[in-house]
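Asker: Sending over structure.cif (mmCIF, C-alpha atoms).
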data_input
#
loop_
_atom_site.group_PDB
_atom_site.id
_atom_site.type_symbol
_atom_site.label_atom_id
_atom_site.label_comp_id
_atom_site.auth_asym_id
_atom_site.auth_seq_id
_atom_site.Cartn_x
_atom_site.Cartn_y
_atom_site.Cartn_z
ATOM 1 C CA MET A 1 0.297 28.345 6.443
ATOM 2 C CA ILE A 2 1.898 25.534 4.464
ATOM 3 C CA THR A 3 -0.169 24.529 1.449
ATOM 4 C CA LEU A 4 -0.190 21.380 -0.625
ATOM 5 C CA GLY A 5 1.588 23.314 -3.368
ATOM 6 C CA ASP A 6 4.623 23.952 -1.135
ATOM 7 C CA TYR A 7 5.191 20.231 -0.684
ATOM 8 C CA LEU A 8 4.655 19.633 -4.398
ATOM 9 C CA VAL A 9 7.228 22.315 -5.281
ATOM 10 C CA VAL A 10 9.795 20.789 -2.904
ATOM 11 C CA SER A 11 9.087 17.402 -4.490
ATOM 12 C CA ALA A 12 9.507 18.895 -7.994
ATOM 13 C CA ILE A 13 12.842 20.502 -7.053
ATOM 14 C CA LEU A 14 14.079 17.217 -5.597
ATOM 15 C CA PHE A 15 13.040 15.340 -8.740
ATOM 16 C CA THR A 16 14.829 17.920 -10.912
ATOM 17 C CA ILE A 17 18.004 17.566 -8.845
ATOM 18 C CA GLY A 18 17.856 13.804 -9.367
ATOM 19 C CA LEU A 19 17.318 14.237 -13.106
ATOM 20 C CA ALA A 20 20.226 16.686 -13.348
ATOM 21 C CA GLY A 21 22.409 14.216 -11.449
ATOM 22 C CA VAL A 22 21.531 11.397 -13.838
ATOM 23 C CA MET A 23 22.276 13.546 -16.874
ATOM 24 C CA LEU A 24 25.358 15.421 -15.640
ATOM 25 C CA ARG A 25 27.368 12.835 -13.770
ATOM 26 C CA ARG A 26 29.104 9.986 -15.556
ATOM 27 C CA ASN A 27 29.835 7.897 -12.491
ATOM 28 C CA LEU A 28 27.425 4.965 -12.100
ATOM 29 C CA ILE A 29 27.353 5.241 -8.290
ATOM 30 C CA ILE A 30 26.260 8.884 -8.429
ATOM 31 C CA ILE A 31 23.690 8.008 -11.095
ATOM 32 C CA LEU A 32 22.183 5.356 -8.795
ATOM 33 C CA MET A 33 22.101 7.868 -5.909
ATOM 34 C CA SER A 34 20.311 10.392 -8.138
ATOM 35 C CA LEU A 35 17.770 7.709 -9.090
ATOM 36 C CA GLU A 36 17.076 7.244 -5.390
ATOM 37 C CA LEU A 37 16.514 10.991 -5.059
ATOM 38 C CA MET A 38 13.962 10.898 -7.901
ATOM 39 C CA LEU A 39 12.067 7.973 -6.332
ATOM 40 C CA ASN A 40 11.987 9.813 -3.014
ATOM 41 C CA ALA A 41 10.671 12.965 -4.659
ATOM 42 C CA ALA A 42 7.754 10.892 -5.970
ATOM 43 C CA ASN A 43 7.253 9.482 -2.463
ATOM 44 C CA LEU A 44 7.069 12.985 -1.010
ATOM 45 C CA SER A 45 4.263 14.031 -3.332
ATOM 46 C CA LEU A 46 2.425 10.742 -2.673
ATOM 47 C CA VAL A 47 2.545 11.335 1.088
ATOM 48 C CA ALA A 48 1.496 14.970 0.632
ATOM 49 C CA PHE A 49 -1.553 13.899 -1.395
ATOM 50 C CA SER A 50 -2.323 11.219 1.181
ATOM 51 C CA ARG A 51 -2.397 13.849 3.955
ATOM 52 C CA PHE A 52 -4.412 16.208 1.757
ATOM 53 C CA ARG A 53 -7.204 13.687 1.111
ATOM 54 C CA VAL A 54 -8.652 13.311 4.584
ATOM 55 C CA GLY A 55 -11.571 10.890 4.488
ATOM 56 C CA ALA A 56 -14.919 10.991 6.292
ATOM 57 C CA ASN A 57 -13.383 9.226 9.314
ATOM 58 C CA GLY A 58 -10.869 12.054 9.745
ATOM 59 C CA LEU A 59 -7.864 9.953 8.734
ATOM 60 C CA PRO A 60 -5.451 10.483 5.826
ATOM 61 C CA ASP A 61 -5.819 8.342 2.714
ATOM 62 C CA TYR A 62 -3.625 5.376 3.632
ATOM 63 C CA ASN A 63 -3.710 3.862 0.142
ATOM 64 C CA ALA A 64 -1.005 6.308 -0.920
ATOM 65 C CA GLN A 65 1.145 5.381 2.066
ATOM 66 C CA VAL A 66 0.863 1.691 1.202
ATOM 67 C CA PHE A 67 2.013 2.664 -2.283
ATOM 68 C CA VAL A 68 4.998 4.514 -0.773
ATOM 69 C CA PHE A 69 5.811 1.328 1.152
ATOM 70 C CA PHE A 70 5.877 -0.614 -2.126
ATOM 71 C CA VAL A 71 8.013 2.050 -3.807
ATOM 72 C CA ILE A 72 10.560 1.939 -0.977
ATOM 73 C CA THR A 73 10.739 -1.861 -1.163
ATOM 74 C CA VAL A 74 11.225 -1.892 -4.928
ATOM 75 C CA ALA A 75 13.819 0.902 -4.664
ATOM 76 C CA ALA A 76 15.805 -1.058 -2.095
ATOM 77 C CA ALA A 77 15.781 -4.147 -4.325
ATOM 78 C CA GLU A 78 16.754 -1.986 -7.309
ATOM 79 C CA VAL A 79 19.739 -0.496 -5.469
ATOM 80 C CA ALA A 80 20.951 -3.935 -4.413
ATOM 81 C CA VAL A 81 20.778 -5.310 -7.968
ATOM 82 C CA GLY A 82 22.245 -2.111 -9.452
ATOM 83 C CA LEU A 83 25.217 -2.141 -7.119
ATOM 84 C CA ALA A 84 25.810 -5.848 -7.770
ATOM 85 C CA LEU A 85 25.840 -5.110 -11.510
ATOM 86 C CA LEU A 86 28.248 -2.254 -10.854
ATOM 87 C CA VAL A 87 30.627 -4.532 -8.952
ATOM 88 C CA ALA A 88 30.455 -7.143 -11.724
ATOM 89 C CA LEU A 89 31.139 -4.425 -14.289
ATOM 90 C CA TYR A 90 34.040 -3.031 -12.304
ATOM 91 C CA ARG A 91 35.499 -6.511 -12.025
ATOM 92 C CA ALA A 92 35.340 -6.955 -15.794
ATOM 93 C CA ARG A 93 36.311 -3.463 -16.994
ATOM 94 C CA GLN A 94 37.924 -1.646 -14.013
ATOM 95 C CA THR A 95 35.756 1.423 -14.525
ATOM 96 C CA THR A 96 32.457 2.886 -13.316
ATOM 97 C CA ASP A 97 32.374 5.626 -15.924
ATOM 98 C CA VAL A 98 29.420 5.266 -18.280
ATOM 99 C CA ASP A 99 31.337 6.998 -21.090
ATOM 100 C CA GLU A 100 33.863 4.180 -21.153
ATOM 101 C CA ILE A 101 31.259 1.424 -21.377
ATOM 102 C CA THR A 102 30.397 1.518 -25.067
ATOM 103 C CA SER A 103 30.218 -2.157 -26.087
ATOM 104 C CA LEU A 104 26.525 -1.890 -26.979
ATOM 105 C CA LYS A 105 26.857 1.480 -28.702
ATOM 106 C CA PHE A 106 25.674 1.378 -32.313
ATOM 107 C CA MET B 1 3.922 21.717 11.926
ATOM 108 C CA SER B 2 5.060 25.299 11.951
ATOM 109 C CA PRO B 3 6.008 26.824 8.579
ATOM 110 C CA PHE B 4 9.454 27.646 9.977
ATOM 111 C CA LEU B 5 10.266 23.957 10.575
ATOM 112 C CA PHE B 6 8.865 23.015 7.170
ATOM 113 C CA TRP B 7 11.153 25.453 5.381
ATOM 114 C CA ILE B 8 14.185 24.382 7.459
ATOM 115 C CA PHE B 9 13.709 20.722 6.538
ATOM 116 C CA ALA B 10 12.776 21.489 2.927
ATOM 117 C CA LEU B 11 15.952 23.578 2.505
ATOM 118 C CA LEU B 12 18.018 20.843 4.207
ATOM 119 C CA THR B 13 16.627 18.218 1.839
ATOM 120 C CA VAL B 14 17.104 20.291 -1.300
ATOM 121 C CA ILE B 15 20.569 21.687 -0.491
ATOM 122 C CA PHE B 16 22.047 18.331 0.476
ATOM 123 C CA GLY B 17 20.268 16.715 -2.462
ATOM 124 C CA ALA B 18 22.014 19.166 -4.778
ATOM 125 C CA ALA B 19 25.306 18.480 -2.985
ATOM 126 C CA VAL B 20 24.951 14.805 -3.986
ATOM 127 C CA PHE B 21 25.734 15.534 -7.606
ATOM 128 C CA LEU B 22 27.879 18.637 -7.070
ATOM 129 C CA ASN B 23 30.416 16.790 -4.923
ATOM 130 C CA ARG B 24 33.241 15.138 -6.803
ATOM 131 C CA ASN B 25 34.015 12.657 -4.067
ATOM 132 C CA PRO B 26 31.506 9.727 -4.033
ATOM 133 C CA VAL B 27 31.875 9.263 -0.251
ATOM 134 C CA ALA B 28 30.886 12.895 0.341
ATOM 135 C CA SER B 29 27.953 12.395 -2.068
ATOM 136 C CA ALA B 30 26.741 9.375 -0.124
ATOM 137 C CA LEU B 31 26.921 11.249 3.177
ATOM 138 C CA CYS B 32 25.035 14.213 1.676
ATOM 139 C CA LEU B 33 22.387 11.744 0.494
ATOM 140 C CA VAL B 34 21.959 10.512 4.092
ATOM 141 C CA VAL B 35 21.333 14.065 5.344
ATOM 142 C CA SER B 36 18.918 14.677 2.477
ATOM 143 C CA PHE B 37 16.977 11.520 3.366
ATOM 144 C CA LEU B 38 16.842 12.510 7.027
ATOM 145 C CA GLY B 39 15.338 15.871 6.041
ATOM 146 C CA LEU B 40 12.870 14.060 3.811
ATOM 147 C CA SER B 41 11.832 11.761 6.640
ATOM 148 C CA ALA B 42 11.204 14.846 8.805
ATOM 149 C CA LEU B 43 8.966 16.163 6.005
ATOM 150 C CA PHE B 44 7.077 12.845 5.995
ATOM 151 C CA MET B 45 6.549 13.131 9.733
ATOM 152 C CA SER B 46 5.312 16.705 9.308
ATOM 153 C CA LEU B 47 2.594 15.178 7.100
ATOM 154 C CA ASP B 48 1.591 12.812 9.967
ATOM 155 C CA ALA B 49 3.066 9.837 8.081
ATOM 156 C CA PHE B 50 5.155 8.531 10.947
ATOM 157 C CA PHE B 51 5.436 4.975 9.694
ATOM 158 C CA VAL B 52 6.720 6.089 6.287
ATOM 159 C CA GLY B 53 9.159 8.483 7.966
ATOM 160 C CA ILE B 54 10.537 5.723 10.153
ATOM 161 C CA ILE B 55 11.001 3.210 7.346
ATOM 162 C CA GLN B 56 12.611 5.989 5.309
ATOM 163 C CA VAL B 57 15.299 6.293 7.996
ATOM 164 C CA LEU B 58 15.611 2.536 8.507
ATOM 165 C CA VAL B 59 15.757 1.511 4.847
ATOM 166 C CA TYR B 60 17.518 4.473 3.227
ATOM 167 C CA ALA B 61 19.692 6.091 5.884
ATOM 168 C CA GLY B 62 20.412 2.634 7.289
ATOM 169 C CA ALA B 63 20.530 -0.161 4.751
ATOM 170 C CA VAL B 64 20.866 1.524 1.369
ATOM 171 C CA MET B 65 23.536 3.978 2.522
ATOM 172 C CA VAL B 66 25.650 1.232 4.096
ATOM 173 C CA LEU B 67 25.399 -0.617 0.776
ATOM 174 C CA PHE B 68 26.516 2.482 -1.165
ATOM 175 C CA LEU B 69 29.458 3.193 1.155
ATOM 176 C CA PHE B 70 30.480 -0.452 1.099
ATOM 177 C CA ILE B 71 30.530 -0.508 -2.706
ATOM 178 C CA ILE B 72 32.429 2.800 -2.870
ATOM 179 C CA MET B 73 35.010 1.240 -0.583
ATOM 180 C CA LEU B 74 35.532 -1.571 -3.120
ATOM 181 C CA LEU B 75 36.053 0.776 -6.053
ATOM 182 C CA ASP B 76 38.739 3.255 -6.963
ATOM 183 C CA ILE B 77 37.458 6.792 -6.382
ATOM 184 C CA ARG B 78 40.662 8.643 -7.257
ATOM 185 C CA ALA B 79 39.916 8.509 -10.979
ATOM 186 C CA GLU B 80 36.625 10.324 -10.458
ATOM 187 C CA GLU B 81 38.224 13.328 -8.800
ATOM 188 C CA GLN B 82 40.645 13.887 -11.663
ATOM 189 C CA ARG B 83 38.111 13.848 -14.473
ATOM 190 C CA ARG B 84 37.570 17.021 -16.444
ATOM 191 C CA ILE B 85 34.095 18.522 -16.657
ATOM 192 C CA ASN B 86 32.441 18.529 -20.051
ATOM 193 C CA TRP B 87 30.945 22.025 -19.898
ATOM 194 C CA LEU B 88 28.752 21.637 -22.984
ATOM 195 C CA ALA B 89 27.078 18.532 -21.543
ATOM 196 C CA ALA B 90 26.797 20.221 -18.126
ATOM 197 C CA VAL B 91 25.008 23.278 -19.519
ATOM 198 C CA GLY B 92 22.708 21.084 -21.640
ATOM 199 C CA GLY B 93 21.812 18.818 -18.730
ATOM 200 C CA ILE B 94 21.103 21.698 -16.369
ATOM 201 C CA GLY B 95 19.056 23.382 -19.113
ATOM 202 C CA VAL B 96 16.821 20.329 -19.593
ATOM 203 C CA ALA B 97 16.393 19.949 -15.817
ATOM 204 C CA VAL B 98 15.463 23.626 -15.363
ATOM 205 C CA ILE B 99 12.939 23.422 -18.220
ATOM 206 C CA LEU B 100 11.331 20.395 -16.551
ATOM 207 C CA LEU B 101 11.215 22.219 -13.206
ATOM 208 C CA ILE B 102 9.550 25.263 -14.805
ATOM 209 C CA GLN B 103 6.980 23.010 -16.476
ATOM 210 C CA ILE B 104 6.118 21.212 -13.220
ATOM 211 C CA CYS B 105 5.847 24.534 -11.369
ATOM 212 C CA VAL B 106 3.490 25.921 -14.030
ATOM 213 C CA VAL B 107 1.324 22.785 -13.711
ATOM 214 C CA ILE B 108 1.273 23.160 -9.906
ATOM 215 C CA GLY B 109 0.403 26.851 -10.350
ATOM 216 C CA HIS B 110 -2.664 25.947 -12.399
ATOM 217 C CA PHE B 111 -3.717 23.240 -9.928
ATOM 218 C CA GLN B 112 -6.491 24.773 -7.791
ATOM 219 C CA SER B 113 -6.135 22.439 -4.793
ATOM 220 C CA ALA B 114 -2.435 23.263 -4.499
ATOM 221 C CA ARG B 115 -3.307 26.611 -2.884
ATOM 222 C CA ARG B 116 -5.366 25.024 -0.106
ATOM 223 C CA THR B 117 -3.913 24.118 3.266
ATOM 224 C CA PHE B 118 -4.131 20.609 4.666
ATOM 225 C CA PRO B 119 -7.481 19.735 6.294
ATOM 226 C CA PRO B 120 -7.300 18.881 10.016
ATOM 227 C CA LEU B 121 -7.292 15.280 11.179
ATOM 228 C CA ALA B 122 -9.895 13.863 13.576
ATOM 229 C CA THR B 123 -7.269 13.018 16.194
ATOM 230 C CA SER B 124 -3.701 14.213 16.464
ATOM 231 C CA ALA B 125 -2.488 10.691 17.301
ATOM 232 C CA THR B 126 -3.170 8.760 14.102
ATOM 233 C CA ASP B 127 -2.675 5.025 14.387
ATOM 234 C CA ASP B 128 -0.950 4.818 11.042
ATOM 235 C CA VAL B 129 1.052 1.611 11.517
ATOM 236 C CA TRP B 130 -2.188 -0.217 12.332
ATOM 237 C CA ASN B 131 -4.027 1.363 9.394
ATOM 238 C CA ILE B 132 -1.274 0.711 6.843
ATOM 239 C CA GLY B 133 -0.815 -2.830 8.126
ATOM 240 C CA ARG B 134 -4.516 -3.553 7.858
ATOM 241 C CA LEU B 135 -4.634 -2.267 4.270
ATOM 242 C CA LEU B 136 -1.478 -4.200 3.436
ATOM 243 C CA PHE B 137 -2.907 -7.519 4.600
ATOM 244 C CA THR B 138 -6.445 -7.045 3.250
ATOM 245 C CA ASN B 139 -6.748 -4.921 0.108
ATOM 246 C CA TYR B 140 -3.120 -5.188 -0.940
ATOM 247 C CA ASN B 141 -2.396 -8.748 0.115
ATOM 248 C CA LEU B 142 -1.547 -10.021 -3.378
ATOM 249 C CA PRO B 143 0.831 -7.116 -4.228
ATOM 250 C CA PHE B 144 2.436 -7.618 -0.819
ATOM 251 C CA GLN B 145 3.168 -11.267 -1.590
ATOM 252 C CA ILE B 146 4.441 -10.368 -5.057
ATOM 253 C CA ILE B 147 6.806 -7.855 -3.427
ATOM 254 C CA GLY B 148 8.062 -10.683 -1.243
ATOM 255 C CA VAL B 149 8.840 -12.759 -4.346
ATOM 256 C CA LEU B 150 10.525 -9.720 -5.928
ATOM 257 C CA VAL B 151 12.813 -9.232 -2.936
ATOM 258 C CA LEU B 152 13.665 -12.948 -2.965
ATOM 259 C CA VAL B 153 14.497 -12.805 -6.689
ATOM 260 C CA ALA B 154 16.613 -9.679 -6.106
ATOM 261 C CA THR B 155 18.514 -11.436 -3.316
ATOM 262 C CA ILE B 156 19.234 -14.486 -5.469
ATOM 263 C CA GLY B 157 20.174 -12.234 -8.398
ATOM 264 C CA VAL B 158 22.627 -10.237 -6.309
ATOM 265 C CA VAL B 159 24.274 -13.418 -5.015
ATOM 266 C CA LEU B 160 24.571 -14.776 -8.562
ATOM 267 C CA LEU B 161 25.882 -11.487 -9.970
ATOM 268 C CA SER B 162 28.546 -10.978 -7.335
ATOM 269 C CA ARG B 163 29.768 -14.582 -7.399
ATOM 270 C CA ARG B 164 33.140 -14.954 -9.044
ATOM 271 C CA GLU B 165 33.044 -16.984 -12.233
ATOM 272 C CA PRO B 166 34.948 -20.274 -11.939
ATOM 273 C CA ARG B 167 37.569 -20.280 -14.671
#
Represent the structure of the file as structure tokens.
Answerer:
Amino acid sequence: MITLGDYLVVSAILFTIGLAGVMLRRNLIIILMSLELMLNAANLSLVAFSRFRVGANGLPDYNAQVFVFFVITVAAAEVAVGLALLVALYRARQTTDVDEITSLKF
Amino acid sequence: MSPFLFWIFALLTVIFGAAVFLNRNPVASALCLVVSFLGLSALFMSLDAFFVGIIQVLVYAGAVMVLFLFIIMLLDIRAEEQRRINWLAAVGGIGVAVILLIQICVVIGHFQSARRTFPPLATSATDDVWNIGRLLFTNYNLPFQIIGVLVLVATIGVVLLSRREPR
């Protein structure tokens, strides 16, 4: 049978993949995609906990699913703003490589 | 859900998730991300969260992916394919990620409830859109309205950011 731990391990692997993507890749688009993966890994564990905590009425704990709804909304807004920033940056500097954007480097 | 289906969708999600950052071509990465999100939405549905699974497909595989592909179209992706790999940074990054994964797995291993299976639901047909909607408009009404303001601000911000400066 599938346990809660199985879902949590899948979520942990997905989060790690996202973290590795953020640290390894230098392209801003790929970094944004990896951020999405990390947010979705968190969503997966939230939904797993929601299904695990069945209340007295025999229903899952819907508070966690409302939280997932909020996370998805914020993530969509974040992607839109991030990509707009990326386009503005590309217009100014003709690059999406984070190693070449060093104006604020001390 | 049968364990077989769970492992199929979990492997699909993880493999295509890894392909997102292993691919050198951003278009291929975006398409791998779509497949990964579809697998993830199947996992949500295996947890009886049908509403979340559906909005996962609608918002991510639909809207966000179109946005990503549209932006990739505007940019030059040739430069990315010709870049050399910094092996020292690659090994360091993978090392940190693997250490984090080991830590999380140890924590899950010590978590007693993680070894239990999911308790059965009262009915197989859960009315989850109704339940989430009711919570959203009663207990979480204020956060819901704040989210609305946030999305409005994001929309205005995106329009302002992508407007060309008059010179």
Asker: One decimal, in Å: what's the spacing between CA of Leu28 in chain A and CA of Ser103 in chain A?
Answerer: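 We find that CA of Leu28 in chain A and CA of Ser103 in chain A lie 15.9 Å from each other.
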Asker: Output the contact residues of chain B with respect to chain A at a cut-off of 7 Å, based on only C-alpha atoms, as JSON, numbers by chain.
Answerer: {"B": [3, 10, 14, 17, 18, 21, 26, 44, 47, 64, 89, 90, 93, 94, 97, 101, 104, 105, 108, 114, 115, 116, 117, 118, 119, 121, 122, 132, 136, 151, 154, 157, 158, 161, 162]}
Asker: What separation in Å, quoted to one decimal, exists between CA of Leu40 in chain B and CA of Thr13 in chain B?
Answerer: 5.9 Å
Asker: Calculate how many Å separate CA of Ile99 in chain B from CA of Phe106 in chain A, rounding to one decimal.
Answerer: 29.1 Å
Asker: Determine the residue membership of the PyMOL selection byres ((chain B and resi 46) around 10) for the file above and supply it as a JSON list (two decimals) with C-alpha atoms, in the frame of the given file.
Answerer:
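That gives us expr27.json:
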[["chain", "number", "residue", "atom", "x", "y", "z"],
["A", 48, "ALA", "CA", 1.50, 14.97, 0.63],
["A", 51, "ARG", "CA", -2.40, 13.85, 3.96],
["B", 1, "MET", "CA", 3.92, 21.72, 11.93],
["B", 2, "SER", "CA", 5.06, 25.30, 11.95],
["B", 5, "LEU", "CA", 10.27, 23.96, 10.58],
["B", 6, "PHE", "CA", 8.86, 23.02, 7.17],
["B", 9, "PHE", "CA", 13.71, 20.72, 6.54],
["B", 40, "LEU", "CA", 12.87, 14.06, 3.81],
["B", 41, "SER", "CA", 11.83, 11.76, 6.64],
["B", 42, "ALA", "CA", 11.20, 14.85, 8.80],
["B", 43, "LEU", "CA", 8.97, 16.16, 6.00],
["B", 44, "PHE", "CA", 7.08, 12.84, 6.00],
["B", 45, "MET", "CA", 6.55, 13.13, 9.73],
["B", 47, "LEU", "CA", 2.59, 15.18, 7.10],
["B", 48, "ASP", "CA", 1.59, 12.81, 9.97],
["B", 49, "ALA", "CA", 3.07, 9.84, 8.08],
["B", 50, "PHE", "CA", 5.16, 8.53, 10.95],
["B", 53, "GLY", "CA", 9.16, 8.48, 7.97]]
Asker: Taking the file above as input, evaluate the PyMOL selection byres ((chain B and resi 73) around 12) and report the hits as a PyMOL selection string.
Answerer: (chain A and resi 29+87) or (chain B and resi 25-27+30+66-72+74-78)
Asker: Name the closest residue to Ala63 in chain B among the candidates B:Val106, B:Ala19, B:Val34, B:Ile156; distances are taken between atoms, counting only C-alpha atoms.
Answerer: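 Closest candidate: B:Val34.
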Asker: Using only C-alpha atoms, which residue out of B:Phe51, B:Tyr60, B:Phe4, B:Phe144 lies closest to Asp128 in chain B?
Answerer: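 Looking at the shortest contact to Asp128 in chain B, the residue is B:Phe51.
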